[in-house]
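The file final_13.cif contains mmCIF, C-alpha atoms:
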data_target
loop_
_atom_site.label_atom_id
_atom_site.label_comp_id
_atom_site.auth_asym_id
_atom_site.auth_seq_id
_atom_site.Cartn_x
_atom_site.Cartn_y
_atom_site.Cartn_z
CA ILE A 2 -58.69 9.41 61.22
CA GLN A 3 -59.07 12.24 63.76
CA MET A 4 -55.94 14.26 64.50
CA THR A 5 -55.85 16.29 67.72
CA GLN A 6 -53.23 18.98 68.28
CA SER A 7 -52.36 20.64 71.55
CA PRO A 8 -52.13 23.27 72.70
CA SER A 9 -54.17 25.35 70.28
CA LEU A 10 -52.17 28.45 71.25
CA LEU A 11 -48.64 28.55 72.58
CA SER A 12 -46.69 31.59 73.74
CA ALA A 13 -42.93 31.28 74.07
CA SER A 14 -39.82 33.43 74.17
CA VAL A 15 -36.95 33.60 71.70
CA GLY A 16 -34.47 30.86 72.54
CA ASP A 17 -37.04 28.63 74.26
CA ARG A 18 -37.35 24.93 73.52
CA VAL A 19 -40.88 24.45 72.20
CA THR A 20 -42.84 21.22 72.00
CA LEU A 21 -46.06 20.76 70.03
CA SER A 22 -48.22 17.66 70.35
CA CYS A 23 -50.28 15.73 67.82
CA LYS A 24 -52.40 12.68 68.69
CA ALA A 25 -54.00 10.34 66.16
CA GLY A 26 -57.34 8.64 66.78
CA GLN A 27 -55.80 5.30 65.82
CA ASN A 28 -52.41 3.83 65.01
CA ILE A 29 -50.93 5.62 61.98
CA ASN A 30 -47.51 3.97 62.25
CA ASN A 31 -45.07 6.79 61.34
CA TYR A 32 -47.16 8.20 58.52
CA LEU A 33 -47.16 11.73 59.85
CA ALA A 34 -46.05 15.08 58.47
CA TRP A 35 -45.70 18.54 60.01
CA TYR A 36 -46.28 21.84 58.21
CA GLN A 37 -45.63 25.46 59.07
CA GLN A 38 -48.02 28.12 57.82
CA LYS A 39 -47.19 31.80 58.22
CA LEU A 40 -49.91 34.41 57.96
CA GLY A 41 -51.10 34.80 54.39
CA GLU A 42 -48.82 32.08 53.05
CA ALA A 43 -49.18 28.49 51.88
CA PRO A 44 -48.16 25.70 54.24
CA LYS A 45 -44.54 24.56 54.11
CA LEU A 46 -43.49 20.96 54.73
CA LEU A 47 -41.15 20.62 57.71
CA ILE A 48 -41.12 16.93 58.63
CA TYR A 49 -42.32 13.73 56.95
CA ASN A 50 -42.43 10.11 58.11
CA ALA A 51 -42.67 11.52 61.65
CA ASN A 52 -38.97 12.33 61.98
CA SER A 53 -37.43 13.06 58.56
CA LEU A 54 -36.42 16.69 58.04
CA GLN A 55 -37.43 18.14 54.68
CA THR A 56 -34.57 19.53 52.60
CA GLY A 57 -33.80 23.14 53.44
CA ILE A 58 -35.52 23.16 56.82
CA PRO A 59 -33.35 24.36 59.73
CA SER A 60 -32.06 21.64 62.03
CA ARG A 61 -33.70 23.29 65.07
CA PHE A 62 -36.88 21.57 63.90
CA SER A 63 -37.27 17.89 64.74
CA GLY A 64 -40.07 15.36 64.89
CA SER A 65 -40.59 12.24 66.97
CA GLY A 66 -43.17 9.63 67.85
CA SER A 67 -44.96 6.70 66.28
CA GLY A 68 -48.29 4.94 66.60
CA THR A 69 -50.66 7.57 67.95
CA ASP A 70 -48.50 10.16 69.73
CA PHE A 71 -46.23 12.59 67.92
CA THR A 72 -44.21 15.68 68.77
CA LEU A 73 -42.69 18.56 66.86
CA THR A 74 -39.83 20.23 68.70
CA ILE A 75 -38.17 23.55 67.99
CA SER A 76 -34.92 23.46 69.91
CA SER A 77 -34.37 27.22 70.09
CA LEU A 78 -37.29 29.40 69.04
CA GLN A 79 -36.52 32.15 66.52
CA PRO A 80 -38.73 35.17 65.68
CA GLU A 81 -39.31 33.80 62.17
CA ASP A 82 -40.87 30.65 63.66
CA VAL A 83 -44.06 32.53 64.57
CA ALA A 84 -46.68 30.61 62.60
CA THR A 85 -49.40 28.00 62.85
CA TYR A 86 -48.22 24.40 62.78
CA PHE A 87 -50.32 21.55 61.41
CA CYS A 88 -49.83 17.81 61.62
CA GLN A 89 -51.16 15.52 58.88
CA GLN A 90 -51.62 11.75 58.74
CA TYR A 91 -51.37 9.75 55.54
CA ASN A 92 -51.89 6.23 56.89
CA SER A 93 -55.51 6.27 55.66
CA TRP A 94 -56.24 8.99 53.15
CA TYR A 95 -55.25 12.39 54.47
CA THR A 96 -56.38 14.37 57.48
CA PHE A 97 -54.92 17.39 59.24
CA GLY A 98 -54.99 18.53 62.81
CA ALA A 99 -56.63 21.87 63.67
CA GLY A 100 -53.26 23.50 64.25
CA THR A 101 -51.18 25.06 67.00
CA LYS A 102 -50.65 28.80 66.77
CA LEU A 103 -47.21 29.74 68.03
CA GLU A 104 -46.61 33.30 69.15
CA LEU A 105 -43.84 35.20 70.87
CA LYS A 106 -44.24 35.99 74.54
CA GLU B 23 -37.18 25.60 41.43
CA VAL B 24 -40.60 24.02 41.84
CA GLN B 25 -43.43 26.46 41.17
CA LEU B 26 -47.16 25.89 41.40
CA VAL B 27 -49.44 28.76 40.44
CA GLU B 28 -53.19 28.47 40.97
CA SER B 29 -55.79 30.56 39.18
CA GLY B 30 -59.51 30.64 38.49
CA GLY B 31 -60.90 31.49 41.90
CA GLY B 32 -63.53 34.13 42.52
CA LEU B 33 -67.04 34.88 43.72
CA VAL B 34 -69.72 32.48 42.49
CA GLN B 35 -73.35 31.91 43.39
CA PRO B 36 -74.51 28.70 45.05
CA GLY B 37 -75.26 25.99 42.50
CA ARG B 38 -72.96 27.45 39.88
CA SER B 39 -69.63 26.13 38.56
CA LEU B 40 -66.00 27.19 38.62
CA LYS B 41 -62.82 25.67 37.18
CA LEU B 42 -59.48 26.07 38.93
CA SER B 43 -56.09 25.66 37.25
CA CYS B 44 -52.64 24.99 38.65
CA ALA B 45 -49.67 25.65 36.37
CA ALA B 46 -46.59 23.66 37.34
CA SER B 47 -42.93 24.26 36.50
CA GLY B 48 -39.48 23.32 37.74
CA PHE B 49 -40.10 19.56 37.83
CA THR B 50 -41.29 16.75 35.55
CA PHE B 51 -45.01 17.18 36.08
CA SER B 52 -45.98 13.91 34.41
CA ASN B 53 -44.01 11.92 37.00
CA TYR B 54 -45.99 13.17 40.01
CA GLY B 55 -49.40 12.62 41.47
CA MET B 56 -51.10 15.85 42.45
CA HIS B 57 -53.60 17.01 45.06
CA TRP B 58 -56.06 19.78 45.74
CA ILE B 59 -56.30 20.87 49.38
CA ARG B 60 -58.54 23.61 50.72
CA GLN B 61 -58.66 25.88 53.75
CA ALA B 62 -61.84 27.66 54.78
CA PRO B 63 -61.33 31.19 56.18
CA THR B 64 -59.62 31.00 59.60
CA LYS B 65 -60.02 27.21 59.55
CA GLY B 66 -57.78 24.19 59.15
CA LEU B 67 -56.71 22.27 56.09
CA GLU B 68 -58.84 19.70 54.26
CA TRP B 69 -57.75 17.34 51.48
CA VAL B 70 -60.13 17.55 48.50
CA ALA B 71 -58.95 15.37 45.63
CA SER B 72 -55.97 13.54 44.14
CA ILE B 73 -54.91 12.34 40.72
CA SER B 74 -52.26 9.84 39.62
CA PRO B 75 -49.33 10.87 37.38
CA SER B 76 -51.05 9.56 34.23
CA GLY B 77 -54.45 10.88 35.23
CA GLY B 78 -55.90 7.37 35.11
CA SER B 79 -56.81 7.29 38.80
CA THR B 80 -58.66 9.94 40.76
CA TYR B 81 -59.80 10.14 44.38
CA TYR B 82 -62.16 12.50 46.22
CA ARG B 83 -63.34 13.28 49.70
CA ASP B 84 -66.93 12.23 50.23
CA SER B 85 -68.35 15.76 50.47
CA VAL B 86 -67.25 16.62 46.91
CA LYS B 87 -67.81 13.29 45.14
CA GLY B 88 -70.09 13.72 42.16
CA ARG B 89 -69.64 17.52 42.18
CA PHE B 90 -65.89 18.06 41.70
CA THR B 91 -63.65 16.61 38.97
CA ILE B 92 -59.86 16.61 39.13
CA SER B 93 -57.96 16.32 35.85
CA ARG B 94 -54.59 17.12 34.35
CA ASP B 95 -52.93 17.95 31.04
CA ASN B 96 -49.37 16.64 31.21
CA ALA B 97 -48.48 18.29 27.90
CA LYS B 98 -49.30 21.65 29.47
CA SER B 99 -48.03 20.75 32.98
CA THR B 100 -51.37 21.90 34.35
CA LEU B 101 -53.72 20.51 36.98
CA TYR B 102 -57.43 21.32 37.05
CA LEU B 103 -60.36 21.18 39.44
CA GLN B 104 -63.82 21.48 37.92
CA MET B 105 -66.26 22.42 40.68
CA ASP B 106 -69.97 22.06 39.97
CA SER B 107 -73.05 22.55 42.15
CA LEU B 108 -71.06 24.74 44.50
CA ARG B 109 -72.24 25.22 48.07
CA SER B 110 -71.46 27.86 50.67
CA GLU B 111 -69.38 25.30 52.57
CA ASP B 112 -67.03 25.06 49.58
CA THR B 113 -65.85 28.60 50.32
CA ALA B 114 -62.10 28.32 50.90
CA THR B 115 -58.64 28.98 49.56
CA TYR B 116 -57.77 26.10 47.26
CA TYR B 117 -54.16 24.94 47.05
CA CYS B 118 -52.59 22.52 44.61
CA ALA B 119 -49.77 20.41 45.96
CA THR B 120 -47.40 17.70 44.80
CA ALA B 121 -47.80 14.10 45.93
CA ASP B 122 -44.60 12.77 47.48
CA GLY B 123 -43.81 9.42 48.99
CA PRO B 124 -46.78 7.68 50.61
CA GLY B 125 -48.68 10.88 51.17
CA TRP B 126 -47.03 14.05 52.34
CA PHE B 127 -47.34 17.28 50.36
CA ALA B 128 -43.89 18.66 49.61
CA TYR B 129 -44.70 21.66 47.43
CA TRP B 130 -47.73 23.94 47.52
CA GLY B 131 -48.99 26.77 45.36
CA GLN B 132 -49.95 30.14 46.82
CA GLY B 133 -53.66 29.29 46.67
CA THR B 134 -56.72 30.76 44.97
CA LEU B 135 -59.79 31.95 46.91
CA VAL B 136 -63.21 30.61 46.04
CA THR B 137 -66.19 32.35 47.62
CA VAL B 138 -69.63 30.81 47.20
CA SER B 139 -72.29 33.34 48.07
CA SER B 140 -75.45 34.87 46.68
#

What would the structure in this file look like if it were written as structure tokens?
Amino acid sequence: IQMTQSPSLLSASVGDRVTLSCKAGQNINNYLAWYQQKLGEAPKLLIYNANSLQTGIPSRFSGSGSGTDFTLTISSLQPEDVATYFCQQYNSWYTFGAGTKLELK
Amino acid sequence: EVQLVESGGGLVQPGRSLKLSCAASGFTFSNYGMHWIRQAPTKGLEWVASISPSGGSTYYRDSVKGRFTISRDNAKSTLYLQMDSLRSEDTATYYCATADGPGWFAYWGQGTLVTVSS
């Protein structure tokens, strides 16, 4: 299943509300996860089942959507949120999107 | 605290073999399915292989079927990936990760770099 993320690069300011998009090539129900990967580090799970926050993840992160269209929202961008964000479907095996690189403006 | 530590990566010539290890601690290893996921330099993430908690079931992406073998030793809390007939397109950082729920990856190791080049 093809996963398409947009935009590929996003510039935002500290305190901004940021929205990242992920579209699946077919219905994946809510079988979607979001990961954050900082430079030189392993990915970290943020959200699973489209909208469930992983333990220990700040509440400024939230996920929404079902079917084919999904969104990761950061309610108030912090400097430590600079990273690349990947979505992943697990409705049929496992595929990842190409990522959205988030940088500070 | 869950810890996953990969090892065994390095530079290898095309057609040769390499075996990766992932040492697990901080959780009951034998209760969890495990995955290998790779990331080519400056590229996205790609699932490679999975294994059930007992090791009785294994799954692979098509491009590595017949060349890679995932296995585990629950007594040693260690996951393995035997990679044979390596190709340049296998060059990547390889991560081990825990299987959680229907298919998200909750915990990841720091990764080990495999470079296939002559």

Near chain A, which residues of chain B fall within 6 Å when you count only C-alpha atoms, and what do they look like as a PDB file with C-alpha atoms, in the frame of the given file?
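Final output, saved to iface-v3.pdb:
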ATOM      1  CA  GLY B  66     -57.780  24.190  59.150  1.00  0.00           C
ATOM      2  CA  GLY B 125     -48.680  10.880  51.170  1.00  0.00           C
ATOM      3  CA  ALA B 128     -43.890  18.660  49.610  1.00  0.00           C
ATOM      4  CA  GLN B 132     -49.950  30.140  46.820  1.00  0.00           C
TER       5      GLN B 132
END

Q.
For the PyMOL selection byres ((chain B and resi 103) around 6), applied here, can you spell out every residue it catches as a PyMOL selection string?
A. chain B and resi 41-42+91-92+102+104

Q: Identify, on the basis of all atoms listed in the file, every residue whose closest approach to B:Gly32 does not exceed 7 Å; exclude the query and any residue fewer than 6 positions from it along the same chain; express the result as a ChimeraX atom specification.
A: /B:135-137

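Closest to B:Ser93 among B:Gly123, B:Val70, B:Ser43, B:Ser110 is B:Ser43, based on all atoms listed in the file.
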
Q: Please work out which residues fall within 9 Å of (-47.5, -0.4, 62.1), coordinates as given in the file, with only C-alpha atoms counting, and return them as a PyMOL selection string.
A: chain A and resi 28-31+67-68

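Note that the spacing between atom CA of B:Asn96 and atom CA of B:Ala46 amounts to 9.7 Å.
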
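In this comparison, which uses all atoms listed in the file, the residue of B:Gln25, B:Ser74, B:Ser139, B:Ser107 approaching B:Arg38 most closely is B:Ser107.
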
Because some atoms of stretch 42-53 of chain A are absent here, can you restore all heavy atoms and send them as a compact mmCIF listing (two decimals), in the coordinates of the input?
# COMPACT_ATOMS: atom_id res chain seq x y z
N GLU A 42 -49.66 32.91 53.92
CA GLU A 42 -48.82 32.08 53.05
C GLU A 42 -49.36 30.65 52.96
O GLU A 42 -50.20 30.23 53.75
CB GLU A 42 -47.39 32.05 53.56
CG GLU A 42 -46.71 33.40 53.54
CD GLU A 42 -45.25 33.32 53.97
OE1 GLU A 42 -44.74 32.19 54.16
OE2 GLU A 42 -44.62 34.38 54.11
N ALA A 43 -48.84 29.91 51.99
CA ALA A 43 -49.18 28.49 51.88
C ALA A 43 -48.41 27.70 52.94
O ALA A 43 -47.35 28.14 53.41
CB ALA A 43 -48.81 27.98 50.49
N PRO A 44 -48.92 26.55 53.32
CA PRO A 44 -48.16 25.70 54.24
C PRO A 44 -46.84 25.26 53.63
O PRO A 44 -46.71 25.14 52.41
CB PRO A 44 -49.09 24.49 54.43
CG PRO A 44 -50.45 25.00 54.14
CD PRO A 44 -50.26 26.00 53.03
N LYS A 45 -45.87 25.03 54.52
CA LYS A 45 -44.54 24.56 54.11
C LYS A 45 -44.25 23.27 54.85
O LYS A 45 -44.41 23.20 56.08
CB LYS A 45 -43.48 25.59 54.45
CG LYS A 45 -42.05 25.14 54.13
CD LYS A 45 -41.01 26.03 54.77
CE LYS A 45 -40.96 27.40 54.21
NZ LYS A 45 -39.84 28.22 54.72
N LEU A 46 -43.81 22.25 54.12
CA LEU A 46 -43.49 20.96 54.73
C LEU A 46 -42.23 21.08 55.57
O LEU A 46 -41.20 21.56 55.10
CB LEU A 46 -43.30 19.90 53.65
CG LEU A 46 -42.87 18.51 54.12
CD1 LEU A 46 -43.98 17.82 54.91
CD2 LEU A 46 -42.45 17.65 52.93
N LEU A 47 -42.30 20.63 56.81
CA LEU A 47 -41.15 20.62 57.71
C LEU A 47 -40.60 19.20 57.90
O LEU A 47 -39.39 18.98 57.80
CB LEU A 47 -41.53 21.17 59.09
CG LEU A 47 -42.10 22.56 59.19
CD1 LEU A 47 -42.50 22.84 60.63
CD2 LEU A 47 -41.07 23.58 58.71
N ILE A 48 -41.48 18.28 58.22
CA ILE A 48 -41.12 16.93 58.63
C ILE A 48 -42.05 15.94 57.92
O ILE A 48 -43.25 16.21 57.78
CB ILE A 48 -41.32 16.75 60.16
CG1 ILE A 48 -40.48 17.74 60.97
CG2 ILE A 48 -41.06 15.30 60.58
CD1 ILE A 48 -39.01 17.42 61.03
N TYR A 49 -41.50 14.81 57.49
CA TYR A 49 -42.32 13.73 56.95
C TYR A 49 -41.87 12.41 57.57
O TYR A 49 -40.79 12.33 58.15
CB TYR A 49 -42.26 13.68 55.41
CG TYR A 49 -40.87 13.45 54.86
CD1 TYR A 49 -40.41 12.18 54.57
CD2 TYR A 49 -40.02 14.53 54.64
CE1 TYR A 49 -39.14 11.96 54.08
CE2 TYR A 49 -38.74 14.33 54.15
CZ TYR A 49 -38.30 13.05 53.87
OH TYR A 49 -37.03 12.85 53.40
N ASN A 50 -42.71 11.41 57.46
CA ASN A 50 -42.43 10.11 58.11
C ASN A 50 -42.08 10.29 59.58
O ASN A 50 -41.22 9.59 60.11
CB ASN A 50 -41.33 9.35 57.38
CG ASN A 50 -41.79 8.79 56.05
OD1 ASN A 50 -43.00 8.71 55.79
ND2 ASN A 50 -40.85 8.41 55.22
N ALA A 51 -42.75 11.22 60.22
CA ALA A 51 -42.67 11.52 61.65
C ALA A 51 -41.38 12.16 62.11
O ALA A 51 -41.39 12.97 63.04
CB ALA A 51 -42.94 10.26 62.49
N ASN A 52 -40.25 11.82 61.46
CA ASN A 52 -38.97 12.33 61.98
C ASN A 52 -37.95 12.69 60.91
O ASN A 52 -36.79 12.96 61.23
CB ASN A 52 -38.35 11.30 62.93
CG ASN A 52 -38.10 9.96 62.27
OD1 ASN A 52 -38.09 9.83 61.06
ND2 ASN A 52 -37.92 8.93 63.08
N SER A 53 -38.35 12.71 59.65
CA SER A 53 -37.43 13.06 58.56
C SER A 53 -37.55 14.54 58.23
O SER A 53 -38.65 15.01 57.91
CB SER A 53 -37.71 12.21 57.33
OG SER A 53 -37.47 10.85 57.59
